[in-house]
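J.: This is coords34.cif (mmCIF, C-alpha atoms and all ligand atoms).
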data_query
loop_
_atom_site.label_atom_id
_atom_site.label_comp_id
_atom_site.auth_asym_id
_atom_site.auth_seq_id
_atom_site.Cartn_x
_atom_site.Cartn_y
_atom_site.Cartn_z
CA MET A 8 -33.05 5.10 -12.69
CA GLU A 9 -34.31 1.55 -12.30
CA ASP A 10 -31.11 0.44 -13.94
CA THR A 11 -29.02 2.13 -11.26
CA VAL A 12 -31.08 0.48 -8.54
CA LYS A 13 -30.54 -2.89 -10.17
CA GLN A 14 -26.83 -2.24 -10.54
CA GLU A 15 -26.56 -1.16 -6.95
CA ASP A 16 -28.37 -4.31 -5.80
CA HIS A 17 -25.98 -6.39 -7.84
CA PHE A 18 -23.01 -4.51 -6.35
CA ASN A 19 -24.28 -5.10 -2.81
CA GLU A 20 -24.95 -8.76 -3.53
CA LYS A 21 -21.36 -9.17 -4.63
CA LEU A 22 -20.05 -7.54 -1.45
CA GLU A 23 -22.39 -9.76 0.56
CA LYS A 24 -21.01 -12.88 -1.11
CA GLY A 25 -17.47 -11.72 -0.42
CA ASP A 26 -16.69 -11.20 -4.11
CA PHE A 27 -14.19 -8.56 -5.11
CA ILE A 28 -15.10 -5.46 -7.07
CA GLU A 29 -12.93 -4.99 -10.16
CA PRO A 30 -12.18 -1.71 -11.99
CA LYS A 31 -14.66 -2.24 -14.83
CA ASP A 32 -17.51 -3.34 -12.55
CA TRP A 33 -20.31 -0.92 -11.81
CA MET A 34 -19.79 0.80 -8.46
CA PRO A 35 -21.49 3.66 -6.60
CA GLU A 36 -19.75 6.99 -7.26
CA LYS A 37 -19.09 7.41 -3.57
CA TYR A 38 -17.38 4.03 -3.35
CA ARG A 39 -15.12 5.07 -6.22
CA LYS A 40 -14.36 8.45 -4.63
CA THR A 41 -13.69 6.97 -1.21
CA LEU A 42 -11.29 4.47 -2.72
CA ILE A 43 -9.45 7.04 -4.81
CA ARG A 44 -9.00 9.16 -1.70
CA GLN A 45 -7.91 6.28 0.51
CA ILE A 46 -5.59 4.55 -1.98
CA SER A 47 -3.95 7.79 -3.06
CA GLN A 48 -3.44 8.95 0.52
CA HIS A 49 -1.90 5.58 1.21
CA ALA A 50 0.39 5.92 -1.84
CA HIS A 51 1.44 9.43 -0.84
CA SER A 52 2.24 8.17 2.67
CA GLU A 53 4.57 5.52 1.28
CA VAL A 54 6.33 8.12 -0.85
CA VAL A 55 6.60 10.86 1.79
CA GLY A 56 7.52 8.14 4.28
CA MET A 57 10.84 7.77 2.47
CA LEU A 58 11.93 11.24 3.61
CA PRO A 59 12.34 10.90 7.40
CA GLU A 60 14.28 7.65 6.98
CA GLY A 61 16.22 8.90 3.98
CA ASN A 62 17.64 11.44 6.41
CA TRP A 63 19.75 8.68 8.02
CA ILE A 64 20.95 6.66 5.02
CA THR A 65 24.24 8.53 4.79
CA ARG A 66 24.74 8.38 8.55
CA ALA A 67 23.79 4.80 9.34
CA PRO A 68 26.23 3.43 11.96
CA ASN A 69 27.64 0.70 9.72
CA LEU A 70 27.46 -0.76 6.24
CA ARG A 71 25.02 -3.50 7.20
CA ARG A 72 22.53 -1.03 8.65
CA LYS A 73 23.02 1.27 5.67
CA ALA A 74 22.27 -1.44 3.10
CA ILE A 75 19.19 -2.49 5.09
CA LEU A 76 17.87 1.05 5.42
CA LEU A 77 18.45 1.69 1.74
CA ALA A 78 16.51 -1.45 0.83
CA LYS A 79 13.68 -0.50 3.16
CA VAL A 80 13.36 3.01 1.79
CA GLN A 81 13.44 1.58 -1.73
CA ASP A 82 10.61 -0.79 -0.79
CA GLU A 83 8.52 2.16 0.40
CA GLY A 84 9.01 3.81 -2.99
CA GLY A 85 7.84 0.57 -4.58
CA HIS A 86 4.78 0.47 -2.31
CA GLY A 87 3.88 3.95 -3.47
CA LEU A 88 4.08 2.78 -7.07
CA TYR A 89 1.90 -0.32 -6.51
CA LEU A 90 -0.70 1.88 -4.91
CA TYR A 91 -0.64 4.63 -7.54
CA SER A 92 -1.12 1.91 -10.11
CA ALA A 93 -4.13 0.56 -8.17
CA ALA A 94 -5.63 4.07 -7.85
CA GLU A 95 -5.25 4.65 -11.59
CA THR A 96 -7.55 1.71 -12.34
CA LEU A 97 -10.34 3.86 -10.87
CA GLY A 98 -9.95 6.47 -13.60
CA ILE A 99 -7.59 9.05 -12.16
CA SER A 100 -4.25 9.75 -13.83
CA ARG A 101 -0.83 9.51 -12.21
CA GLU A 102 -0.24 13.17 -12.99
CA GLU A 103 -3.41 14.24 -11.19
CA LEU A 104 -2.43 12.13 -8.21
CA LEU A 105 1.03 13.66 -7.98
CA ASP A 106 -0.43 17.10 -8.50
CA GLN A 107 -2.79 16.63 -5.57
CA LEU A 108 0.17 15.69 -3.38
CA HIS A 109 2.42 18.50 -4.54
CA THR A 110 -0.21 21.21 -4.21
CA GLY A 111 -1.09 20.04 -0.71
CA LYS A 112 -4.61 19.11 -1.77
CA ALA A 113 -4.12 15.45 -0.86
CA LYS A 114 -3.12 14.24 2.56
CA TYR A 115 -0.58 11.67 3.65
CA SER A 116 -0.12 10.01 7.03
CA SER A 117 0.68 12.73 9.56
CA ILE A 118 3.26 10.51 11.27
CA PHE A 119 5.79 11.52 8.62
CA ASN A 120 5.64 15.13 9.73
CA TYR A 121 7.72 14.32 12.79
CA PRO A 122 11.52 14.65 12.64
CA THR A 123 14.10 11.86 12.91
CA VAL A 124 16.62 13.42 15.25
CA THR A 125 18.67 10.40 16.34
CA TRP A 126 19.57 6.98 14.95
CA ALA A 127 17.17 5.43 17.49
CA ASP A 128 14.33 7.08 15.57
CA ILE A 129 15.08 4.75 12.68
CA GLY A 130 14.61 1.83 15.06
CA ALA A 131 11.40 3.28 16.48
CA ILE A 132 9.96 3.99 13.05
CA GLY A 133 10.57 0.50 11.70
CA TRP A 134 9.28 -1.15 14.85
CA LEU A 135 6.32 1.10 15.69
CA VAL A 136 5.35 3.00 12.57
CA ASP A 137 5.76 0.08 10.19
CA GLY A 138 4.24 -2.14 12.87
CA ALA A 139 1.11 0.01 13.01
CA ALA A 140 1.01 0.23 9.22
CA ILE A 141 1.23 -3.56 8.99
CA MET A 142 -1.73 -3.97 11.33
CA ASN A 143 -3.79 -1.81 9.00
CA GLN A 144 -2.41 -3.40 5.85
CA VAL A 145 -3.00 -6.97 6.94
CA MET A 146 -6.67 -6.06 7.29
CA LEU A 147 -6.65 -4.35 3.89
CA GLN A 148 -5.50 -7.54 2.18
CA ARG A 149 -9.19 -8.49 2.30
CA THR A 150 -10.49 -5.10 1.17
CA SER A 151 -13.31 -5.34 -1.37
CA PHE A 152 -11.58 -3.61 -4.30
CA GLY A 153 -9.49 -6.17 -6.21
CA PRO A 154 -6.48 -4.06 -7.28
CA TYR A 155 -6.14 -2.56 -3.79
CA SER A 156 -6.31 -5.97 -2.18
CA ARG A 157 -3.68 -7.39 -4.54
CA ALA A 158 -1.35 -4.45 -3.90
CA MET A 159 -1.75 -5.00 -0.15
CA ILE A 160 -0.87 -8.69 -0.38
CA ARG A 161 2.32 -7.78 -2.19
CA ILE A 162 3.11 -5.01 0.30
CA CYS A 163 2.50 -7.16 3.39
CA LYS A 164 5.00 -9.73 2.13
CA GLU A 165 7.64 -7.01 2.05
CA GLU A 166 6.72 -5.21 5.26
CA SER A 167 7.67 -7.74 7.86
CA PHE A 168 11.39 -7.17 7.37
CA HIS A 169 10.77 -3.46 7.89
CA GLN A 170 9.41 -4.01 11.36
CA ARG A 171 12.04 -6.57 12.27
CA GLN A 172 14.99 -4.43 11.25
CA GLY A 173 13.55 -1.61 13.38
CA TYR A 174 13.12 -3.80 16.43
CA GLU A 175 16.63 -5.17 15.94
CA ILE A 176 17.98 -1.61 16.15
CA MET A 177 15.99 -1.06 19.35
CA VAL A 178 17.30 -4.31 20.87
CA ALA A 179 20.89 -3.35 20.06
CA LEU A 180 20.48 0.12 21.59
CA SER A 181 18.64 -1.02 24.68
CA LYS A 182 21.33 -3.63 25.38
CA GLY A 183 24.08 -1.08 24.76
CA SER A 184 25.55 1.66 26.96
CA ALA A 185 23.39 3.71 29.33
CA GLU A 186 23.46 6.50 26.77
CA GLN A 187 22.30 4.21 23.99
CA LYS A 188 19.50 2.85 26.11
CA GLN A 189 18.45 6.39 26.94
CA MET A 190 18.44 7.18 23.23
CA ALA A 191 16.09 4.25 22.61
CA GLN A 192 13.80 5.36 25.44
CA ASP A 193 13.75 8.91 24.12
CA ALA A 194 12.77 7.71 20.63
CA LEU A 195 10.02 5.53 22.10
CA ASN A 196 8.75 8.52 24.10
CA ARG A 197 8.50 10.67 21.02
CA TRP A 198 7.04 8.07 18.61
CA TRP A 199 4.57 6.28 20.87
CA TRP A 200 1.65 8.71 20.77
CA PRO A 201 2.00 9.75 17.11
CA THR A 202 2.00 6.01 16.27
CA LEU A 203 -1.28 5.47 18.13
CA MET A 204 -2.72 8.42 16.20
CA MET A 205 -1.89 6.65 12.91
CA PHE A 206 -5.02 4.52 13.28
CA GLY A 207 -7.12 7.64 12.86
CA PRO A 208 -9.76 9.40 14.96
CA PRO A 209 -11.85 7.41 17.45
CA ASP A 210 -14.78 5.46 15.93
CA ALA A 211 -17.30 7.75 17.62
CA ILE A 212 -16.18 10.75 15.55
CA SER A 213 -14.60 9.17 12.48
CA SER A 214 -16.57 10.44 9.48
CA ASN A 215 -15.45 7.83 6.93
CA SER A 216 -15.58 4.73 9.07
CA ALA A 217 -19.21 3.63 8.67
CA ASP A 218 -19.25 3.65 4.87
CA SER A 219 -15.87 1.97 4.71
CA ILE A 220 -17.08 -0.87 6.90
CA LYS A 221 -20.37 -1.16 5.00
CA TRP A 222 -18.52 -1.43 1.70
CA LYS A 223 -15.96 -3.80 3.20
CA ILE A 224 -13.14 -1.43 2.28
CA LYS A 225 -12.13 -1.72 5.93
CA ARG A 226 -12.97 -4.74 8.04
CA GLU A 227 -11.93 -3.45 11.44
CA THR A 228 -12.46 -0.01 12.95
CA ASN A 229 -9.78 2.51 13.96
CA ASP A 230 -10.26 1.78 17.66
CA GLU A 231 -10.19 -2.00 17.19
CA LEU A 232 -6.91 -1.83 15.29
CA ARG A 233 -5.39 0.60 17.79
CA GLN A 234 -6.28 -1.68 20.70
CA LYS A 235 -4.82 -4.68 18.90
CA PHE A 236 -1.61 -2.77 18.29
CA VAL A 237 -1.21 -1.76 21.93
CA ASP A 238 -1.99 -5.30 23.11
CA ARG A 239 0.66 -6.80 20.86
CA THR A 240 3.34 -4.18 21.37
CA ILE A 241 3.59 -3.87 25.15
CA ALA A 242 5.38 -7.20 25.62
CA GLN A 243 7.91 -6.06 23.02
CA VAL A 244 8.46 -2.85 24.98
CA GLU A 245 8.95 -4.85 28.16
CA TYR A 246 11.52 -7.09 26.51
CA LEU A 247 13.54 -3.99 25.68
CA GLY A 248 13.36 -2.90 29.32
CA LEU A 249 11.77 0.36 28.23
CA THR A 250 8.46 1.97 29.16
CA VAL A 251 5.77 3.72 27.13
CA PRO A 252 5.14 7.37 28.04
CA ASP A 253 1.66 6.65 29.38
CA PRO A 254 1.04 6.52 33.15
CA LYS A 255 -2.48 5.20 32.51
CA LEU A 256 -1.34 2.13 30.64
CA LYS A 257 -2.57 -0.89 32.57
CA TRP A 258 -3.62 -4.46 31.83
CA ASN A 259 -7.38 -4.79 32.28
CA GLU A 260 -8.13 -8.35 33.32
CA ALA A 261 -11.88 -8.01 32.79
CA ARG A 262 -11.57 -6.67 29.25
CA GLY A 263 -8.61 -8.85 28.37
CA HIS A 264 -6.95 -5.77 26.91
CA TYR A 265 -4.64 -2.98 27.95
CA ASP A 266 -6.27 0.27 29.00
CA PHE A 267 -4.40 3.31 27.85
CA GLY A 268 -4.50 7.07 28.27
CA GLU A 269 -6.31 9.71 26.30
CA ILE A 270 -4.80 10.56 22.89
CA ASP A 271 -4.14 14.25 22.24
CA TRP A 272 -6.44 14.71 19.26
CA ALA A 273 -5.79 18.43 19.20
CA GLU A 274 -2.17 17.68 18.33
CA PHE A 275 -3.30 15.21 15.67
CA ASN A 276 -5.64 17.74 14.08
CA SER A 277 -3.02 20.43 14.11
CA VAL A 278 -0.48 18.17 12.37
CA VAL A 279 -3.10 17.10 9.81
CA LYS A 280 -3.86 20.76 9.14
CA GLY A 281 -0.22 21.36 8.26
CA ASN A 282 1.26 22.59 11.52
CA GLY A 283 3.38 19.60 12.47
CA PRO A 284 7.11 20.03 13.01
CA CYS A 285 8.02 19.02 9.43
CA ASN A 286 4.98 19.49 7.16
CA ARG A 287 6.55 22.29 5.12
CA GLU A 288 9.94 20.62 4.93
CA ARG A 289 8.45 17.33 3.69
CA LEU A 290 6.36 18.91 0.98
CA LYS A 291 9.25 21.07 -0.14
CA ALA A 292 11.56 18.04 -0.37
CA ARG A 293 8.94 16.08 -2.28
CA VAL A 294 8.21 18.86 -4.78
CA GLY A 295 11.95 19.48 -5.13
CA ALA A 296 12.62 15.82 -5.92
CA HIS A 297 9.95 15.88 -8.60
CA LYS A 298 11.29 19.08 -10.15
CA ASN A 299 14.88 17.89 -10.06
CA GLY A 300 13.82 14.78 -11.95
CA GLU A 301 12.20 16.74 -14.71
CA TRP A 302 15.23 16.79 -17.04
CA VAL A 303 15.53 13.01 -16.71
CA ARG A 304 11.89 12.53 -17.68
CA ASP A 305 12.26 14.97 -20.56
CA ALA A 306 15.41 13.24 -21.82
CA ALA A 307 13.75 9.82 -21.67
CA THR A 308 10.73 11.14 -23.56
CA ALA A 309 12.93 12.75 -26.22
CA TYR A 310 14.95 9.55 -26.61
CA ALA A 311 11.80 7.43 -26.96
CA LYS A 312 10.47 9.79 -29.62
CA LYS A 313 13.72 9.73 -31.55
CA GLN A 314 13.89 5.93 -31.46
CA ALA A 315 10.27 5.67 -32.59
CA ALA A 316 10.93 8.04 -35.48
CA LYS A 317 14.02 6.08 -36.49
CA ALA A 318 12.08 2.82 -36.43
CA ALA A 319 9.30 4.37 -38.51
CA GLY A 320 11.92 5.70 -40.95
CA SER A 321 13.58 2.35 -41.45
CA LEU A 322 10.17 0.76 -42.05
CA VAL A 323 9.44 3.24 -44.83
CA ALA A 324 12.87 2.75 -46.38
CA MET B 3 -9.67 8.87 -18.10
CA SER B 4 -7.86 12.18 -17.87
CA ASN B 5 -4.51 11.72 -19.51
CA SER B 6 -2.62 14.78 -20.60
CA ASN B 7 -0.11 14.27 -23.41
CA ASN B 8 3.09 14.64 -21.41
CA GLU B 9 2.32 11.69 -19.16
CA TRP B 10 4.22 8.54 -20.12
CA PRO B 11 2.03 5.72 -21.42
CA LEU B 12 0.86 3.00 -19.06
CA TRP B 13 2.17 -0.58 -19.40
CA GLU B 14 0.63 -3.61 -17.76
CA VAL B 15 3.21 -5.88 -16.17
CA PHE B 16 3.14 -9.70 -16.23
CA VAL B 17 5.76 -11.63 -14.30
CA GLN B 18 6.72 -15.27 -14.64
CA THR B 19 7.77 -16.34 -11.17
CA LYS B 20 9.46 -19.63 -12.04
CA SER B 21 10.43 -21.29 -15.26
CA GLY B 22 7.52 -23.31 -16.55
CA MET B 23 4.96 -21.11 -14.80
CA PRO B 24 2.51 -18.83 -16.60
CA HIS B 25 3.06 -15.07 -16.59
CA LYS B 26 0.82 -13.41 -14.05
CA HIS B 27 -0.44 -9.83 -14.00
CA CYS B 28 0.97 -7.89 -11.08
CA GLY B 29 0.34 -4.20 -11.76
CA SER B 30 1.42 -1.45 -14.09
CA VAL B 31 4.18 1.09 -14.70
CA HIS B 32 4.57 4.27 -16.70
CA ALA B 33 7.41 4.46 -19.21
CA PRO B 34 8.23 6.32 -22.43
CA ASP B 35 9.23 3.17 -24.34
CA LYS B 36 9.30 -0.60 -24.03
CA GLU B 37 12.90 -0.87 -22.82
CA MET B 38 12.27 1.51 -19.96
CA ALA B 39 8.95 -0.16 -19.27
CA LEU B 40 10.84 -3.42 -18.75
CA GLN B 41 13.41 -1.80 -16.49
CA ASN B 42 10.79 0.01 -14.44
CA ALA B 43 8.80 -3.20 -14.13
CA ARG B 44 11.91 -5.04 -12.94
CA ASP B 45 12.71 -2.37 -10.32
CA THR B 46 9.11 -2.13 -9.16
CA TYR B 47 7.89 -5.72 -9.15
CA THR B 48 10.94 -7.97 -8.79
CA ARG B 49 13.13 -6.55 -6.03
CA ARG B 50 13.37 -9.98 -4.37
CA ASN B 51 14.06 -12.34 -7.23
CA GLU B 52 10.34 -12.83 -7.81
CA GLY B 53 10.78 -13.21 -11.52
CA THR B 54 12.45 -15.20 -14.26
CA ASN B 55 10.75 -13.28 -17.05
CA ILE B 56 8.69 -10.13 -17.52
CA TRP B 57 6.17 -9.08 -20.17
CA VAL B 58 5.15 -5.46 -20.51
CA VAL B 59 2.10 -4.70 -22.63
CA PRO B 60 0.81 -1.23 -23.55
CA ALA B 61 -2.35 -0.94 -21.42
CA ALA B 62 -4.17 0.56 -24.39
CA ALA B 63 -3.58 -2.64 -26.36
CA ILE B 64 -5.56 -4.83 -23.98
CA THR B 65 -9.16 -5.70 -24.77
CA ALA B 66 -11.15 -7.07 -21.85
CA SER B 67 -14.56 -8.72 -21.76
CA SER B 68 -17.11 -6.57 -20.05
CA PRO B 69 -18.35 -7.48 -16.58
CA GLU B 70 -21.99 -6.68 -17.50
CA ASP B 71 -21.90 -9.48 -20.09
CA ILE B 72 -20.63 -12.04 -17.64
CA GLY B 73 -23.82 -14.11 -18.07
CA PRO B 74 -24.36 -14.16 -21.85
CA PHE B 75 -20.64 -14.04 -22.59
CA PHE B 76 -19.77 -17.19 -20.70
CA ASP B 77 -23.01 -19.13 -20.92
CA PRO B 78 -22.14 -21.16 -24.02
CA SER B 79 -20.14 -23.38 -21.68
CA ASN B 80 -22.79 -23.58 -18.94
CA ASP B 81 -24.76 -26.50 -20.35
CA LYS B 82 -21.85 -28.67 -21.40
CA ALA B 83 -21.26 -30.76 -18.35
CA TYR B 84 -20.01 -33.54 -20.65
CA ARG B 85 -16.78 -31.57 -20.98
CA HIS B 86 -15.89 -32.65 -17.45
CA PRO B 87 -14.64 -36.14 -16.58
CA THR B 88 -17.08 -36.43 -13.65
CA PHE B 89 -19.97 -36.52 -16.18
CA TYR B 90 -19.14 -40.12 -17.08
CA THR B 91 -19.88 -43.33 -15.19
CA ILE B 92 -17.17 -45.91 -15.29
CA PRO B 93 -18.13 -49.46 -14.23
CA GLU B 94 -16.90 -50.41 -10.82
CA GLY B 95 -13.67 -52.34 -10.85
CA VAL B 96 -12.36 -50.71 -14.00
CA LYS B 97 -9.06 -49.08 -13.16
CA TYR B 98 -6.60 -46.53 -14.52
CA ILE B 99 -9.18 -44.44 -16.34
FE FE C 1 5.33 0.47 2.99
FE FE C 2 7.37 -0.32 5.47
#
Would you put the structure from the file into structure tokens?

T.:
Amino acid sequence: MEDTVKQEDHFNEKLEKGDFIEPKDWMPEKYRKTLIRQISQHAHSEVVGMLPEGNWITRAPNLRRKAILLAKVQDEGGHGLYLYSAAETLGISREELLDQLHTGKAKYSSIFNYPTVTWADIGAIGWLVDGAAIMNQVMLQRTSFGPYSRAMIRICKEESFHQRQGYEIMVALSKGSAEQKQMAQDALNRWWWPTLMMFGPPDAISSNSADSIKWKIKRETNDELRQKFVDRTIAQVEYLGLTVPDPKLKWNEARGHYDFGEIDWAEFNSVVKGNGPCNRERLKARVGAHKNGEWVRDAATAYAKKQAAKAAGSLVA
Amino acid sequence: MSNSNNEWPLWEVFVQTKSGMPHKHCGSVHAPDKEMALQNARDTYTRRNEGTNIWVVPAAAITASSPEDIGPFFDPSNDKAYRHPTFYTIPEGVKYI
């Protein structure tokens, strides 16, 4: 008992000093659980995030855009792998993690439950969705758990091209024909609010926020990050000659920030609960991909076993 | 650690970023054998020419010092300030030393 108190004091001292917590260090059970949940949700989001964009790889308007989109989607797969590997250092296996995703027990970012109906959606996703993710991930580079922080540093280096390629698509469309510009505006209309929801529930009702801040897992709150995102993005919207679908959006001189309208949290909760436009489709595609890969995994395992047996045989001989 | 037997073993990945540089740990991959571990490590950790060489090491083969022993484990070097050049006084005016 006294030991645990001492260990907890030592843990808090480390956080206080700004030291990182490493996998073999003592940590409160709740810190471990919170991290497993957060890192795995993050990993699942990267992996499921490949699906809406994957939808347009075969239909990208030209070879340049196709190669770029392919590289971006591949990066997201890589991000998922970095994060699974960080989560595993906390004592959960890769299989358990995938199981939790495939059985619907684990969540992923609800933004990926919206459909990508036009090419402009690929622009809007890269610009807004990756942009919002970057805002969160830049903060997480200084998260208190070492492996998570290191994965974030690696991810942030790769992310900035994701946002740029998206904005480039939006610039091209908004400078194009009236129809193309309309397509860009329509994508912005559909992605704007779901993007703002990505930062999570407001601080006043967010159940995980306080602990996460106390443990320095997060360094900024949901509302702070959301405000920062809006403040930085509006000038980019204006450059495109487009408008956000929010009549209440207005610069507030006194606050030095944009004011914006009320987010529809009922929609958010409904998508989180599984009733978004694509929840079922995404999970089905994900489970299908895993199942379809089974023979490849089995073949690789069989080959490895055979080679190992051969090597053992030649040693004996 | 819950590891059922059909999960591929875990390999720790170390990448050398430039010739002459030390290999640095950057994460892990699962793979059934060392060749595939190398290929998975390449695809996962060096998509932008970040590497000139990769080591993969079975995670189970790594022995690490334990964080609880950080004091006693490292203290043999605590009281040996004379191992550092700043411990010594060199007369003023003496150069190149
Ligand atoms: Fe990503
Ligand atoms: Fe991304």

J.: Throw together the list of residues within 6 Å of ligand FE 2 (chain C), counting only C-alpha atoms and all ligand atoms, and drop it here as a list of chain:residue names.

T.: A:Glu83, A:Asp137, A:Glu166, A:His169

J.: Go through the chains and note each residue within 8 Å of ligand FE 1 (chain C), using only C-alpha atoms and all ligand atoms, then give the set as a list in words.

T.: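 Result of the 8 Å neighbour search around ligand FE 1 (chain C): Glu53, Asp82, Glu83, Gly84, Gly85, His86, Gly87, Asp137, Ala140, Ile162, Glu165 and Glu166 of chain A.
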
J.: Could you jot down the CA of Lys37 in chain A to CA of Ile160 in chain A separation for me, Å, one decimal place?

T.: 24.5 Å

J.: For the contact check between chain B and chain A, emit one row per residue of chain B within 9 Å, containing the shortest atom pair and the distance in Å rounded to one decimal, counting only C-alpha atoms, chain then rising number order, as CSV.

T.:
residue,atom,partner,partner_atom,distance
B:Met3,CA,A:Gly98,CA,5.1
B:Ser4,CA,A:Ser100,CA,5.9
B:Asn5,CA,A:Ser100,CA,6.0
B:Ser6,CA,A:Glu102,CA,8.1
B:Asn8,CA,A:Thr308,CA,8.7
B:Glu9,CA,A:Glu102,CA,6.8
B:Trp10,CA,A:Thr308,CA,7.8
B:Cys28,CA,A:Arg157,CA,8.0
B:Gly29,CA,A:Ser92,CA,6.5
B:Ser30,CA,A:Ser92,CA,5.8
B:Val31,CA,A:Ser92,CA,7.1
B:His32,CA,A:Arg101,CA,8.8
B:Ala33,CA,A:Thr308,CA,8.6
B:Pro34,CA,A:Thr308,CA,5.5
B:Asp35,CA,A:Ala311,CA,5.6
B:Lys36,CA,A:Ala311,CA,8.9
B:Met38,CA,A:Ala307,CA,8.6
B:Asp45,CA,A:Gly85,CA,8.1
B:Thr46,CA,A:Gly85,CA,5.5
B:Tyr47,CA,A:Gly85,CA,7.8
B:Arg49,CA,A:Asp82,CA,8.2
B:Ser68,CA,A:Lys31,CA,7.2
B:Pro69,CA,A:Asp32,CA,5.8
B:Glu70,CA,A:Asp32,CA,7.5

J.: Can you pull out every residue within 10 Å of range 57-65 of chain B, counting all atoms listed in the file, but drop anything in the same chain fewer than 6 positions away, and send it as a PyMOL selection string?

T.: chain B and resi 11-18+25-27+30-33+35-43

J.: Provide the CA of Lys73 in chain A to CA of Gly173 in chain A distance in Å, to one decimal place.

T.: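 Answer for the CA of Lys73 in chain A to CA of Gly173 in chain A separation: 12.5 Å.
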
J.: Compile the contact shell of range 280-285 of chain A as a PyMOL selection string: residues with an atom at most 12 Å away, counting all atoms listed in the file, same-chain residues fewer than 4 positions apart removed.

T.: chain A and resi 55+58-59+111-124+201+273-276+289-292

J.: Write the residues you've just listed into a file as a PDB file, in the frame of the given file, and include C-alpha atoms for each of them.

T.:
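Result file is selection28.pdb:
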ATOM      1  CA  VAL A  55       6.600  10.860   1.790  1.00  0.00           C
ATOM      2  CA  LEU A  58      11.930  11.240   3.610  1.00  0.00           C
ATOM      3  CA  PRO A  59      12.340  10.900   7.400  1.00  0.00           C
ATOM      4  CA  GLY A 111      -1.090  20.040  -0.710  1.00  0.00           C
ATOM      5  CA  LYS A 112      -4.610  19.110  -1.770  1.00  0.00           C
ATOM      6  CA  ALA A 113      -4.120  15.450  -0.860  1.00  0.00           C
ATOM      7  CA  LYS A 114      -3.120  14.240   2.560  1.00  0.00           C
ATOM      8  CA  TYR A 115      -0.580  11.670   3.650  1.00  0.00           C
ATOM      9  CA  SER A 116      -0.120  10.010   7.030  1.00  0.00           C
ATOM     10  CA  SER A 117       0.680  12.730   9.560  1.00  0.00           C
ATOM     11  CA  ILE A 118       3.260  10.510  11.270  1.00  0.00           C
ATOM     12  CA  PHE A 119       5.790  11.520   8.620  1.00  0.00           C
ATOM     13  CA  ASN A 120       5.640  15.130   9.730  1.00  0.00           C
ATOM     14  CA  TYR A 121       7.720  14.320  12.790  1.00  0.00           C
ATOM     15  CA  PRO A 122      11.520  14.650  12.640  1.00  0.00           C
ATOM     16  CA  THR A 123      14.100  11.860  12.910  1.00  0.00           C
ATOM     17  CA  VAL A 124      16.620  13.420  15.250  1.00  0.00           C
ATOM     18  CA  PRO A 201       2.000   9.750  17.110  1.00  0.00           C
ATOM     19  CA  ALA A 273      -5.790  18.430  19.200  1.00  0.00           C
ATOM     20  CA  GLU A 274      -2.170  17.680  18.330  1.00  0.00           C
ATOM     21  CA  PHE A 275      -3.300  15.210  15.670  1.00  0.00           C
ATOM     22  CA  ASN A 276      -5.640  17.740  14.080  1.00  0.00           C
ATOM     23  CA  ARG A 289       8.450  17.330   3.690  1.00  0.00           C
ATOM     24  CA  LEU A 290       6.360  18.910   0.980  1.00  0.00           C
ATOM     25  CA  LYS A 291       9.250  21.070  -0.140  1.00  0.00           C
ATOM     26  CA  ALA A 292      11.560  18.040  -0.370  1.00  0.00           C
TER      27      ALA A 292
END

J.: Need the shell around Ile129 in chain A: protein/DNA/RNA residues with any atom at most 12 Å away, counting all atoms listed in the file. Skip same-chain ones fewer than 2 positions apart. Format as JSON, numbers by chain?

T.: {"A": [56, 57, 58, 59, 60, 61, 62, 63, 64, 66, 67, 68, 72, 73, 75, 76, 77, 79, 80, 122, 123, 124, 125, 126, 127, 131, 132, 133, 134, 135, 136, 137, 169, 170, 171, 172, 173, 174, 175, 176, 177, 180, 190, 191, 194, 195, 198]}

J.: Might you pull out every residue within 12 Å of range 238-244 of chain A, with all atoms listed in the file counted and same-chain residues fewer than 3 positions away left off, and present them as number ranges by chain?

T.: A: 131, 134-136, 138-139, 142, 170-171, 174-175, 177-178, 181, 191-192, 195-196, 199, 202-203, 231-235, 247-253, 256-259, 262-267

J.: In Å, how far is it from CA of Ala296 in chain A to CA of Leu105 in chain A?

T.: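 Interatomic distance here is 12.0 Å.
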